[in-house]
file my_file.tsv (TSV, C-alpha atoms)
chain	number	residue	atom	x	y	z
A	1	MET	CA	25.40	-143.75	-85.80
A	2	ILE	CA	25.93	-146.87	-87.90
A	3	GLU	CA	29.57	-147.38	-88.93
A	4	LEU	CA	30.76	-149.33	-91.95
A	5	ASP	CA	32.86	-152.40	-91.32
A	6	LEU	CA	36.18	-153.07	-93.04
A	7	MET	CA	34.67	-155.34	-95.68
A	8	GLN	CA	32.05	-152.75	-96.62
A	9	GLU	CA	34.69	-150.05	-96.95
A	10	GLN	CA	36.90	-152.28	-99.11
A	11	GLU	CA	33.93	-153.00	-101.36
A	12	ILE	CA	33.28	-149.28	-101.80
A	13	VAL	CA	36.92	-148.68	-102.77
A	14	HIS	CA	36.79	-151.61	-105.21
A	15	GLU	CA	33.60	-150.26	-106.79
A	16	ALA	CA	35.30	-146.87	-107.13
A	17	GLU	CA	38.15	-148.51	-109.04
A	18	LEU	CA	35.63	-150.01	-111.46
A	19	PHE	CA	33.84	-146.67	-111.77
A	20	ALA	CA	37.11	-144.85	-112.49
A	21	ALA	CA	38.11	-147.45	-115.08
A	22	ARG	CA	34.77	-147.11	-116.82
A	23	GLU	CA	33.79	-143.46	-116.40
A	24	ILE	CA	37.06	-141.51	-116.03
A	25	ARG	CA	40.16	-143.15	-117.50
A	26	PRO	CA	38.80	-143.49	-121.08
A	27	TYR	CA	37.90	-139.79	-121.09
A	28	ALA	CA	40.83	-138.33	-119.15
A	29	ARG	CA	42.56	-136.83	-122.16
A	30	GLN	CA	39.31	-135.41	-123.49
A	31	ILE	CA	38.54	-133.79	-120.14
A	32	GLN	CA	41.97	-132.20	-120.05
A	33	GLU	CA	41.64	-130.86	-123.58
A	34	GLN	CA	38.18	-129.44	-122.88
A	35	GLN	CA	39.50	-127.85	-119.67
A	36	SER	CA	36.48	-128.84	-117.60
A	37	ILE	CA	35.01	-131.78	-115.74
A	38	PRO	CA	31.61	-132.61	-117.26
A	39	ARG	CA	28.69	-132.00	-114.94
A	40	SER	CA	27.43	-135.41	-116.02
A	41	LEU	CA	30.51	-136.99	-114.42
A	42	ILE	CA	30.08	-134.93	-111.27
A	43	LYS	CA	26.44	-136.01	-111.11
A	44	ALA	CA	27.42	-139.66	-111.57
A	45	MET	CA	29.98	-139.38	-108.77
A	46	ALA	CA	27.39	-137.76	-106.51
A	47	GLU	CA	24.88	-140.53	-107.22
A	48	LYS	CA	27.50	-143.08	-106.18
A	49	GLY	CA	28.12	-141.13	-103.00
A	50	TYR	CA	31.74	-140.26	-103.79
A	51	LEU	CA	31.29	-136.51	-103.28
A	52	ALA	CA	30.28	-137.24	-99.69
A	53	ALA	CA	32.53	-140.22	-99.05
A	54	SER	CA	33.94	-138.90	-95.76
A	55	ILE	CA	30.74	-137.21	-94.59
A	56	PRO	CA	28.83	-138.94	-91.76
A	57	ARG	CA	25.86	-140.99	-92.87
A	58	GLU	CA	23.49	-138.89	-90.77
A	59	TYR	CA	24.10	-136.07	-93.26
A	60	GLY	CA	23.69	-138.27	-96.32
A	61	GLY	CA	27.34	-139.22	-96.72
A	62	MET	CA	29.08	-142.58	-96.94
A	63	GLY	CA	30.71	-142.26	-93.54
A	64	LEU	CA	34.06	-143.68	-94.69
A	65	GLY	CA	36.85	-143.74	-92.14
A	66	ALA	CA	40.11	-141.91	-92.79
A	67	LYS	CA	41.86	-144.95	-94.27
A	68	ALA	CA	39.10	-145.86	-96.75
A	69	TYR	CA	38.64	-142.21	-97.73
A	70	GLY	CA	42.37	-141.93	-98.38
A	71	MET	CA	42.28	-145.04	-100.54
A	72	LEU	CA	39.29	-143.63	-102.43
A	73	THR	CA	41.25	-140.42	-102.98
A	74	GLU	CA	44.11	-142.48	-104.39
A	75	VAL	CA	41.76	-144.27	-106.81
A	76	PHE	CA	40.54	-141.01	-108.32
A	77	GLY	CA	43.99	-139.41	-108.14
A	78	LYS	CA	45.42	-142.19	-110.28
A	79	ALA	CA	42.61	-141.96	-112.83
A	80	LEU	CA	42.63	-138.16	-113.19
A	81	PRO	CA	44.08	-135.67	-110.68
A	82	ALA	CA	41.42	-133.08	-111.51
A	83	VAL	CA	38.72	-135.42	-110.25
A	84	ARG	CA	40.73	-136.02	-107.08
A	85	SER	CA	40.89	-132.22	-106.70
A	86	LEU	CA	37.11	-132.21	-106.59
A	87	LEU	CA	37.21	-134.49	-103.55
A	88	THR	CA	39.96	-132.43	-101.91
A	89	VAL	CA	38.11	-129.14	-102.27
A	90	HIS	CA	34.40	-129.97	-102.37
A	91	THR	CA	34.52	-132.79	-99.82
A	92	SER	CA	37.54	-132.30	-97.55
A	93	LEU	CA	37.80	-128.50	-97.42
A	94	VAL	CA	34.16	-127.45	-97.74
A	95	SER	CA	31.80	-130.25	-96.69
A	96	GLU	CA	33.96	-131.55	-93.82
A	97	THR	CA	34.35	-127.98	-92.55
A	98	LEU	CA	30.57	-127.59	-92.47
A	99	VAL	CA	30.21	-130.88	-90.63
A	100	ARG	CA	32.66	-129.75	-87.98
A	101	PHE	CA	31.83	-126.06	-87.58
A	102	GLY	CA	28.41	-125.49	-89.13
A	103	SER	CA	25.32	-124.93	-87.03
A	104	PRO	CA	22.50	-127.50	-87.21
A	105	GLU	CA	20.56	-125.10	-89.43
A	106	GLN	CA	23.53	-124.60	-91.76
A	107	LYS	CA	24.13	-128.33	-92.06
A	108	SER	CA	20.50	-129.07	-92.87
A	109	ALA	CA	20.35	-126.26	-95.43
A	110	TRP	CA	23.64	-126.71	-97.28
A	111	LEU	CA	24.99	-130.23	-96.82
A	112	PRO	CA	22.21	-131.95	-98.81
A	113	LYS	CA	23.02	-129.75	-101.81
A	114	LEU	CA	26.73	-130.53	-101.53
A	115	VAL	CA	26.18	-134.24	-100.97
A	116	SER	CA	23.87	-134.52	-103.99
A	117	GLY	CA	26.18	-132.53	-106.27
A	118	GLU	CA	23.50	-129.89	-106.79
A	119	TRP	CA	26.07	-127.43	-105.45
A	120	ILE	CA	29.83	-127.45	-105.96
A	121	GLY	CA	31.76	-125.89	-103.10
A	122	ALA	CA	35.06	-123.98	-103.13
A	123	PHE	CA	37.33	-122.67	-100.38
A	124	GLY	CA	38.30	-119.00	-100.67
A	125	LEU	CA	41.50	-118.42	-98.71
A	126	THR	CA	44.39	-117.57	-101.08
A	127	GLU	CA	44.69	-114.02	-102.43
A	128	PRO	CA	46.83	-112.23	-105.04
A	129	GLU	CA	49.28	-111.12	-102.33
A	130	VAL	CA	48.61	-113.77	-99.69
A	131	GLY	CA	49.48	-117.44	-100.07
A	132	SER	CA	51.38	-119.16	-97.29
A	133	ASP	CA	50.83	-116.11	-95.04
A	134	ALA	CA	47.23	-117.17	-94.58
A	135	LYS	CA	46.79	-115.34	-91.28
A	136	ASN	CA	47.02	-111.98	-93.03
A	137	VAL	CA	44.27	-112.08	-95.64
A	138	LYS	CA	43.41	-108.68	-97.11
A	139	THR	CA	39.76	-109.38	-97.88
A	140	THR	CA	37.76	-107.45	-95.27
A	141	TRP	CA	34.41	-107.68	-93.58
A	142	ARG	CA	32.37	-105.20	-91.62
A	143	GLU	CA	29.26	-105.75	-89.57
A	144	GLU	CA	25.97	-104.00	-90.26
A	145	ALA	CA	22.54	-104.36	-88.72
A	146	ASP	CA	21.35	-107.05	-91.12
A	147	GLY	CA	24.59	-108.97	-91.60
A	148	TYR	CA	28.13	-108.57	-92.86
A	149	VAL	CA	29.64	-106.85	-95.90
A	150	LEU	CA	32.68	-108.35	-97.64
A	151	ASN	CA	35.19	-106.68	-99.94
A	152	GLY	CA	38.32	-108.12	-101.51
A	153	LYS	CA	39.76	-110.52	-104.02
A	154	LYS	CA	40.66	-114.21	-103.87
A	155	LYS	CA	42.96	-115.96	-106.35
A	156	TRP	CA	43.96	-119.49	-107.35
A	157	ILE	CA	40.65	-120.82	-106.04
A	158	THR	CA	40.16	-124.38	-107.29
A	159	PHE	CA	36.67	-124.81	-108.79
A	160	GLY	CA	36.15	-121.12	-108.10
A	161	HIS	CA	34.82	-120.49	-111.60
A	162	VAL	CA	32.16	-123.20	-111.38
A	163	ALA	CA	31.35	-123.32	-107.66
A	164	ASP	CA	27.88	-122.48	-106.44
A	165	ALA	CA	28.99	-121.59	-102.93
A	166	PHE	CA	32.22	-120.60	-101.21
A	167	ILE	CA	33.70	-120.56	-97.74
A	168	ILE	CA	35.33	-117.12	-97.76
A	169	VAL	CA	37.90	-116.12	-95.15
A	170	ALA	CA	37.95	-112.39	-94.46
A	171	SER	CA	39.69	-110.15	-91.92
A	172	HIS	CA	38.61	-107.44	-89.50
A	173	GLU	CA	41.00	-105.66	-87.15
A	174	GLY	CA	43.70	-108.21	-87.88
A	175	ARG	CA	41.63	-111.31	-87.12
A	176	SER	CA	39.87	-113.55	-89.62
A	177	THR	CA	36.34	-114.92	-89.84
A	178	ALA	CA	34.76	-117.46	-92.20
A	179	PHE	CA	31.56	-116.84	-94.14
A	180	TRP	CA	29.31	-118.90	-96.41
A	181	VAL	CA	28.96	-116.94	-99.65
A	182	GLU	CA	26.70	-118.03	-102.49
A	183	ARG	CA	27.42	-117.22	-106.11
A	184	GLN	CA	23.99	-115.63	-106.46
A	185	PHE	CA	24.85	-112.92	-103.91
A	186	GLU	CA	25.12	-109.50	-105.51
A	187	GLY	CA	28.72	-108.36	-105.86
A	188	VAL	CA	30.23	-111.82	-106.38
A	189	GLN	CA	32.11	-112.23	-109.66
A	190	THR	CA	34.55	-114.89	-110.80
A	191	GLN	CA	37.06	-114.92	-113.61
A	192	ALA	CA	38.76	-118.05	-114.88
A	193	ILE	CA	42.56	-118.16	-114.68
A	194	GLU	CA	43.96	-119.27	-118.01
A	195	GLY	CA	47.39	-120.30	-119.23
A	196	VAL	CA	48.23	-122.51	-116.26
A	197	MET	CA	50.76	-125.34	-116.46
A	198	VAL	CA	48.21	-127.87	-115.31
A	199	GLY	CA	44.82	-128.02	-113.61
A	200	GLY	CA	42.88	-125.91	-116.08
A	201	GLU	CA	40.03	-128.39	-115.87
A	202	THR	CA	39.56	-127.61	-112.16
A	203	GLY	CA	38.02	-124.19	-112.79
A	204	LEU	CA	40.83	-122.15	-111.22
A	205	ALA	CA	39.58	-118.62	-110.71
A	206	GLU	CA	39.83	-115.21	-109.16
A	207	ILE	CA	36.87	-114.20	-107.03
A	208	ASP	CA	35.98	-110.51	-106.76
A	209	LEU	CA	33.89	-109.53	-103.76
A	210	HIS	CA	32.47	-106.01	-103.96
A	211	GLU	CA	30.14	-104.92	-101.16
A	212	VAL	CA	28.85	-108.48	-100.86
A	213	ARG	CA	26.11	-108.64	-98.22
A	214	VAL	CA	26.12	-111.86	-96.23
A	215	PRO	CA	23.29	-112.72	-93.81
A	216	LYS	CA	24.25	-113.25	-90.19
A	217	SER	CA	23.02	-116.83	-90.55
A	218	HIS	CA	25.94	-117.40	-92.98
A	219	LEU	CA	28.68	-116.83	-90.42
A	220	ILE	CA	30.58	-120.10	-90.00
A	221	GLY	CA	31.80	-120.74	-86.49
A	222	ARG	CA	32.54	-117.65	-84.42
A	223	VAL	CA	33.68	-114.15	-85.25
A	224	HIS	CA	37.48	-113.73	-85.21
A	225	GLU	CA	38.11	-117.48	-85.06
A	226	GLY	CA	38.44	-118.08	-88.79
A	227	PHE	CA	42.13	-118.92	-88.89
A	228	GLU	CA	42.65	-120.50	-85.49
A	229	TYR	CA	39.88	-123.04	-85.95
A	230	ILE	CA	38.30	-123.19	-89.39
A	231	VAL	CA	41.28	-122.51	-91.63
A	232	SER	CA	43.67	-124.61	-89.54
A	233	SER	CA	41.22	-127.53	-89.52
A	234	ALA	CA	40.41	-127.21	-93.23
A	235	LEU	CA	44.10	-127.13	-94.18
A	236	ASP	CA	44.70	-130.25	-92.10
A	237	GLN	CA	41.85	-131.98	-93.93
A	238	GLY	CA	43.22	-130.77	-97.24
A	239	ARG	CA	46.75	-131.93	-96.45
A	240	TYR	CA	45.46	-135.38	-95.68
A	241	SER	CA	43.80	-135.54	-99.08
A	242	ILE	CA	46.94	-134.20	-100.78
A	243	ALA	CA	49.09	-136.79	-99.01
A	244	TRP	CA	47.09	-139.51	-100.75
A	245	ALA	CA	47.14	-137.49	-103.97
A	246	GLY	CA	50.94	-137.59	-103.96
A	247	LEU	CA	50.85	-141.32	-103.37
A	248	ALA	CA	48.38	-141.69	-106.25
A	249	ILE	CA	50.61	-139.89	-108.73
A	250	ALA	CA	53.72	-141.73	-107.56
A	251	GLN	CA	51.95	-145.10	-107.85
A	252	GLU	CA	50.57	-144.28	-111.29
A	253	ALA	CA	54.01	-143.12	-112.44
A	254	LEU	CA	55.57	-146.33	-111.09
A	255	ASP	CA	52.96	-148.42	-112.88
A	256	SER	CA	53.70	-146.56	-116.12
A	257	MET	CA	57.46	-146.87	-115.67
A	258	VAL	CA	57.36	-150.61	-115.05
A	259	THR	CA	54.88	-151.34	-117.85
A	260	TYR	CA	56.83	-149.30	-120.41
A	261	SER	CA	60.19	-150.77	-119.42
A	262	ARG	CA	58.86	-154.30	-119.82
A	263	LYS	CA	57.48	-153.60	-123.30
A	264	ARG	CA	59.98	-151.19	-124.86
A	265	LYS	CA	63.11	-152.57	-126.54
A	266	GLN	CA	66.45	-150.86	-127.09
A	267	PHE	CA	69.62	-152.59	-128.34
A	268	ASP	CA	67.57	-155.79	-128.73
A	269	GLN	CA	66.72	-155.87	-125.04
A	270	LYS	CA	63.76	-154.82	-122.96
A	271	LEU	CA	64.50	-151.66	-121.00
A	272	SER	CA	63.80	-153.59	-117.82
A	273	HIS	CA	66.92	-155.68	-118.49
A	274	PHE	CA	69.24	-152.69	-118.07
A	275	GLN	CA	70.73	-152.31	-114.62
A	276	LEU	CA	70.37	-148.52	-114.49
A	277	ILE	CA	66.67	-148.78	-115.34
A	278	ARG	CA	66.19	-151.46	-112.69
A	279	GLY	CA	67.92	-149.16	-110.21
A	280	MET	CA	65.41	-146.41	-110.94
A	281	ILE	CA	62.54	-148.85	-110.55
A	282	GLY	CA	63.93	-150.17	-107.28
A	283	ASP	CA	64.19	-146.64	-105.87
A	284	ALA	CA	60.67	-145.82	-107.05
A	285	VAL	CA	59.20	-148.94	-105.45
A	286	THR	CA	60.89	-148.09	-102.16
A	287	LYS	CA	59.63	-144.49	-102.23
A	288	VAL	CA	56.06	-145.52	-103.03
A	289	HIS	CA	56.01	-148.13	-100.28
A	290	ALA	CA	57.37	-145.60	-97.77
A	291	ALA	CA	54.79	-143.02	-98.88
A	292	ARG	CA	51.96	-145.52	-98.47
A	293	ALA	CA	53.16	-146.41	-94.98
A	294	LEU	CA	53.10	-142.72	-93.99
A	295	CYS	CA	49.59	-142.25	-95.37
A	296	LEU	CA	48.32	-145.32	-93.54
A	297	ARG	CA	49.99	-144.16	-90.33
A	298	ALA	CA	48.29	-140.76	-90.62
A	299	ALA	CA	44.97	-142.53	-91.29
A	300	GLU	CA	45.38	-144.75	-88.24
A	301	LEU	CA	46.02	-141.78	-85.96
A	302	ARG	CA	43.16	-139.76	-87.44
A	303	GLU	CA	40.73	-142.59	-86.86
A	304	ALA	CA	41.97	-142.87	-83.28
A	305	LYS	CA	41.56	-139.07	-82.89
A	306	ASP	CA	45.16	-138.92	-81.72
A	307	PRO	CA	46.54	-135.34	-81.49
A	308	GLN	CA	49.71	-136.57	-83.19
A	309	ALA	CA	47.64	-137.10	-86.36
A	310	ILE	CA	48.05	-133.47	-87.44
A	311	MET	CA	51.84	-133.68	-87.54
A	312	GLU	CA	51.85	-137.15	-89.10
A	313	THR	CA	49.53	-135.80	-91.80
A	314	THR	CA	51.91	-132.91	-92.44
A	315	ILE	CA	54.86	-135.32	-92.70
A	316	ALA	CA	52.92	-137.56	-95.08
A	317	LYS	CA	51.89	-134.63	-97.27
A	318	TYR	CA	55.46	-133.33	-97.43
A	319	PHE	CA	56.95	-136.73	-98.25
A	320	THR	CA	54.42	-137.92	-100.80
A	321	SER	CA	54.43	-134.65	-102.73
A	322	LYS	CA	58.22	-134.78	-102.81
A	323	ILE	CA	58.52	-138.38	-103.99
A	324	ALA	CA	55.67	-137.91	-106.49
A	325	VAL	CA	57.88	-135.43	-108.34
A	326	GLU	CA	60.89	-137.74	-108.12
A	327	VAL	CA	59.09	-140.89	-109.29
A	328	ALA	CA	57.22	-139.05	-112.06
A	329	SER	CA	60.53	-137.53	-113.21
A	330	ASP	CA	62.19	-140.96	-113.36
A	331	ALA	CA	59.17	-142.39	-115.16
A	332	LEU	CA	59.44	-139.67	-117.77
A	333	GLN	CA	63.15	-140.38	-118.11
A	334	VAL	CA	62.51	-144.08	-118.70
A	335	HIS	CA	60.04	-143.18	-121.43
A	336	GLY	CA	62.68	-141.11	-123.21
A	337	ALA	CA	61.33	-138.89	-125.99
A	338	ASN	CA	57.94	-140.59	-125.66
A	339	GLY	CA	57.75	-139.15	-122.17
A	340	ILE	CA	57.06	-135.66	-123.47
A	341	SER	CA	54.25	-136.84	-125.73
A	342	SER	CA	50.62	-136.47	-124.71
A	343	GLU	CA	50.12	-140.04	-125.93
A	344	TYR	CA	51.72	-141.19	-122.68
A	345	PRO	CA	50.61	-140.11	-119.19
A	346	VAL	CA	54.00	-139.42	-117.61
A	347	SER	CA	54.45	-135.80	-118.73
A	348	ARG	CA	51.05	-134.95	-117.23
A	349	LEU	CA	51.90	-136.82	-114.05
A	350	TYR	CA	55.13	-134.87	-113.68
A	351	LYS	CA	53.34	-131.53	-113.96
A	352	GLU	CA	50.55	-132.64	-111.65
A	353	ALA	CA	53.10	-133.82	-109.08
A	354	LYS	CA	54.88	-130.48	-109.03
A	355	ILE	CA	51.66	-128.69	-108.10
A	356	LEU	CA	51.39	-130.82	-104.95
A	357	GLU	CA	54.59	-129.25	-103.63
A	358	ILE	CA	52.83	-125.88	-103.69
A	359	ILE	CA	49.19	-126.37	-102.66
A	360	GLU	CA	47.91	-126.88	-99.12
A	361	GLY	CA	51.16	-125.42	-97.84
A	362	SER	CA	54.38	-125.40	-99.85
A	363	SER	CA	57.08	-127.99	-99.20
A	364	GLN	CA	59.18	-125.26	-97.59
A	365	MET	CA	56.35	-124.43	-95.17
A	366	GLN	CA	55.93	-128.12	-94.39
A	367	GLN	CA	59.66	-128.42	-93.70
A	368	GLU	CA	59.45	-125.52	-91.29
A	369	MET	CA	56.52	-127.05	-89.42
A	370	ILE	CA	58.18	-130.45	-89.26
A	371	SER	CA	61.46	-128.95	-88.06
A	372	HIS	CA	59.71	-127.15	-85.18
A	373	TYR	CA	58.17	-130.45	-84.19
A	374	GLY	CA	61.49	-132.27	-84.49
A	375	LEU	CA	63.38	-129.71	-82.42
A	376	LYS	CA	60.99	-130.34	-79.55
A	377	ALA	CA	60.30	-134.04	-79.93
A	378	TYR	CA	63.88	-135.22	-80.33
A	379	TYR	CA	65.73	-132.92	-77.96
A	380	LYS	CA	67.54	-134.94	-75.29
A	381	ARG	CA	67.97	-132.85	-72.17
A	382	GLY	CA	71.34	-133.16	-70.57
A	383	GLY	CA	72.71	-135.01	-73.56
A	384	GLY	CA	75.77	-132.82	-73.82
A	385	ILE	CA	78.04	-132.42	-76.82

call {"tool": "encode", "arguments": {"input": "my_file.tsv", "output": "structure tokens"}}
result
Amino acid sequence: MIELDLMQEQEIVHEAELFAAREIRPYARQIQEQQSIPRSLIKAMAEKGYLAASIPREYGGMGLGAKAYGMLTEVFGKALPAVRSLLTVHTSLVSETLVRFGSPEQKSAWLPKLVSGEWIGAFGLTEPEVGSDAKNVKTTWREEADGYVLNGKKKWITFGHVADAFIIVASHEGRSTAFWVERQFEGVQTQAIEGVMVGGETGLAEIDLHEVRVPKSHLIGRVHEGFEYIVSSALDQGRYSIAWAGLAIAQEALDSMVTYSRKRKQFDQKLSHFQLIRGMIGDAVTKVHAARALCLRAAELREAKDPQAIMETTIAKYFTSKIAVEVASDALQVHGANGISSEYPVSRLYKEAKILEIIEGSSQMQQEMISHYGLKAYYKRGGGI
């Protein structure tokens, strides 16, 4: 397998910045108002290879390493979080899961459609009554002679209303299994979720599964190993993407805060001349630099296939989502009344940041996981009191 060198990866990220500046930023507000990402933009991203940025080149992807893929995620997250969501779900959760757990036949049949953008993929885990308690999904499956039959409901599925195919996690006798379900299957219905605070353009949906017959060839991985392997791996991949998403929002908010404070005058002085404003900027710079260091550390360990990468990814996701809210809040404060206007990006950034504390494991769940790690890693036997 041919691997890209550092210079090639940097060039790809630079080209993505130019693409985002040309094809996304000028239309960001329009996309948000229309509550959908144009298929023409998705097609353009696919043609550039961005929808398969982290997928190995043998499957038609770019083959970017963890660091370059994270930086690419940041580029799109700064331009428009909804587009970054497409990478998180379609690429990290769905395509990467197929690469890792799909059979050779499944990869050859489905990956080309995902890589080309012909299909949009979504990950069906969350349910009306099941969020963080992902082990206990209520959607069920039963085996029959010609395949499996699924029944249940999924909710808050990003791109669920527009996806062509789904990885659906269902339970049988208390253990979960993952299936590849296509929209065209009889019994699959989706309904858009409206009235959300943010993210309407990502096709959030409920998915109803009524007696959906799935061929045995559409089983992903092994029976009863859905959570232990597929879900756990997919969530780790998703958290890595969200870690960079938090950094993207924090960096964009910092950029907006600094730019506004250097242009806006109050009391015959630029806002940047006031000590309290400079204090907020200093804190924001420190937080963003710390967040970037955590993301790069997670990338380094992932590329080295170090087992510690999973926990470092969790720590990065927790920290960046937390500081994204804080920096976006301070940016809005610096903007004053203008901060709540749609003419400026900071109100959107604040709302987008808050979502990151909920998805791919809430901040409280991340704290719990990190605390378990800390209680083991930093316990000094015989230390005494």

call {"tool": "atom_distance", "arguments": {"input": "my_file.tsv", "atom1": "CA of Tyr27 in chain A", "atom2": "CA of Ile359 in chain A"}}
result
25.4 Å

call {"tool": "closest_residue", "arguments": {"input": "my_file.tsv", "among": "A:Asp208, A:Glu74, A:Glu303, A:Glu144", "to": "Ile157 in chain A", "atoms": "only C-alpha atoms"}}
result
A:Asp208

call {"tool": "atom_distance", "arguments": {"input": "my_file.tsv", "atom1": "CA of Trp141 in chain A", "atom2": "CA of Pro128 in chain A"}}
result
17.5 Å

call {"tool": "residues_around", "arguments": {"input": "my_file.tsv", "residues": "range 239-248 of chain A", "least_positions_apart": "6", "cutoff": "6 Å", "atoms": "all atoms listed in the file", "output": "ChimeraX atom specification"}}
result
/A:70,74,77-78,88,313,316-317,320-321,324,360

call {"tool": "atom_distance", "arguments": {"input": "my_file.tsv", "atom1": "CA of Thr97 in chain A", "atom2": "CA of Gly60 in chain A"}}
result
15.3 Å

call {"tool": "closest_residue", "arguments": {"input": "my_file.tsv", "among": "A:Arg297, A:Arg29, A:His224, A:Arg264", "to": "Ser176 in chain A", "atoms": "all atoms listed in the file"}}
result
A:His224

call {"tool": "axis_aligned_box", "arguments": {"input": "my_file.tsv", "around": "range 139-147 of chain A", "padding_each_side": "6 Å", "output": "AutoDock Vina command-line options"}}
result
--center_x 30.6 --center_y -106.7 --center_z -93.3 --size_x 30.4 --size_y 17.4 --size_z 21.2

call {"tool": "residues_around", "arguments": {"input": "my_file.tsv", "residues": "Tyr350 in chain A", "least_positions_apart": "3", "cutoff": "6 Å", "atoms": "only C-alpha atoms", "output": "ChimeraX atom specification"}}
result
/A:328,347,353

call {"tool": "residues_around", "arguments": {"input": "my_file.tsv", "residues": "range 110-112 of chain A", "least_positions_apart": "6", "cutoff": "8 Å", "atoms": "all atoms listed in the file", "output": "list in words"}}
result
Tyr59, Gly60, Ser95 and Leu98 of chain A

call {"tool": "write_last_selection", "arguments": {"input": "my_file.tsv", "atoms": "C-alpha atoms", "output": "PDB file, in the frame of the given file"}}
result
ATOM      1  CA  TYR A  59      24.100-136.070 -93.260  1.00  0.00           C
ATOM      2  CA  GLY A  60      23.690-138.270 -96.320  1.00  0.00           C
ATOM      3  CA  SER A  95      31.800-130.250 -96.690  1.00  0.00           C
ATOM      4  CA  LEU A  98      30.570-127.590 -92.470  1.00  0.00           C
TER       5      LEU A  98
END

call {"tool": "residues_around", "arguments": {"input": "my_file.tsv", "residues": "Ala46 in chain A", "least_positions_apart": "2", "cutoff": "9 Å", "atoms": "all atoms listed in the file", "output": "PDB file with C-alpha atoms, in the coordinates of the input"}}
result
ATOM      1  CA  LEU A  41      30.510-136.990-114.420  1.00  0.00           C
ATOM      2  CA  ILE A  42      30.080-134.930-111.270  1.00  0.00           C
ATOM      3  CA  LYS A  43      26.440-136.010-111.110  1.00  0.00           C
ATOM      4  CA  ALA A  44      27.420-139.660-111.570  1.00  0.00           C
ATOM      5  CA  LYS A  48      27.500-143.080-106.180  1.00  0.00           C
ATOM      6  CA  GLY A  49      28.120-141.130-103.000  1.00  0.00           C
ATOM      7  CA  TYR A  50      31.740-140.260-103.790  1.00  0.00           C
ATOM      8  CA  LEU A  51      31.290-136.510-103.280  1.00  0.00           C
ATOM      9  CA  ALA A  52      30.280-137.240 -99.690  1.00  0.00           C
ATOM     10  CA  LEU A 114      26.730-130.530-101.530  1.00  0.00           C
ATOM     11  CA  VAL A 115      26.180-134.240-100.970  1.00  0.00           C
ATOM     12  CA  SER A 116      23.870-134.520-103.990  1.00  0.00           C
ATOM     13  CA  GLY A 117      26.180-132.530-106.270  1.00  0.00           C
ATOM     14  CA  GLU A 118      23.500-129.890-106.790  1.00  0.00           C
TER      15      GLU A 118
END
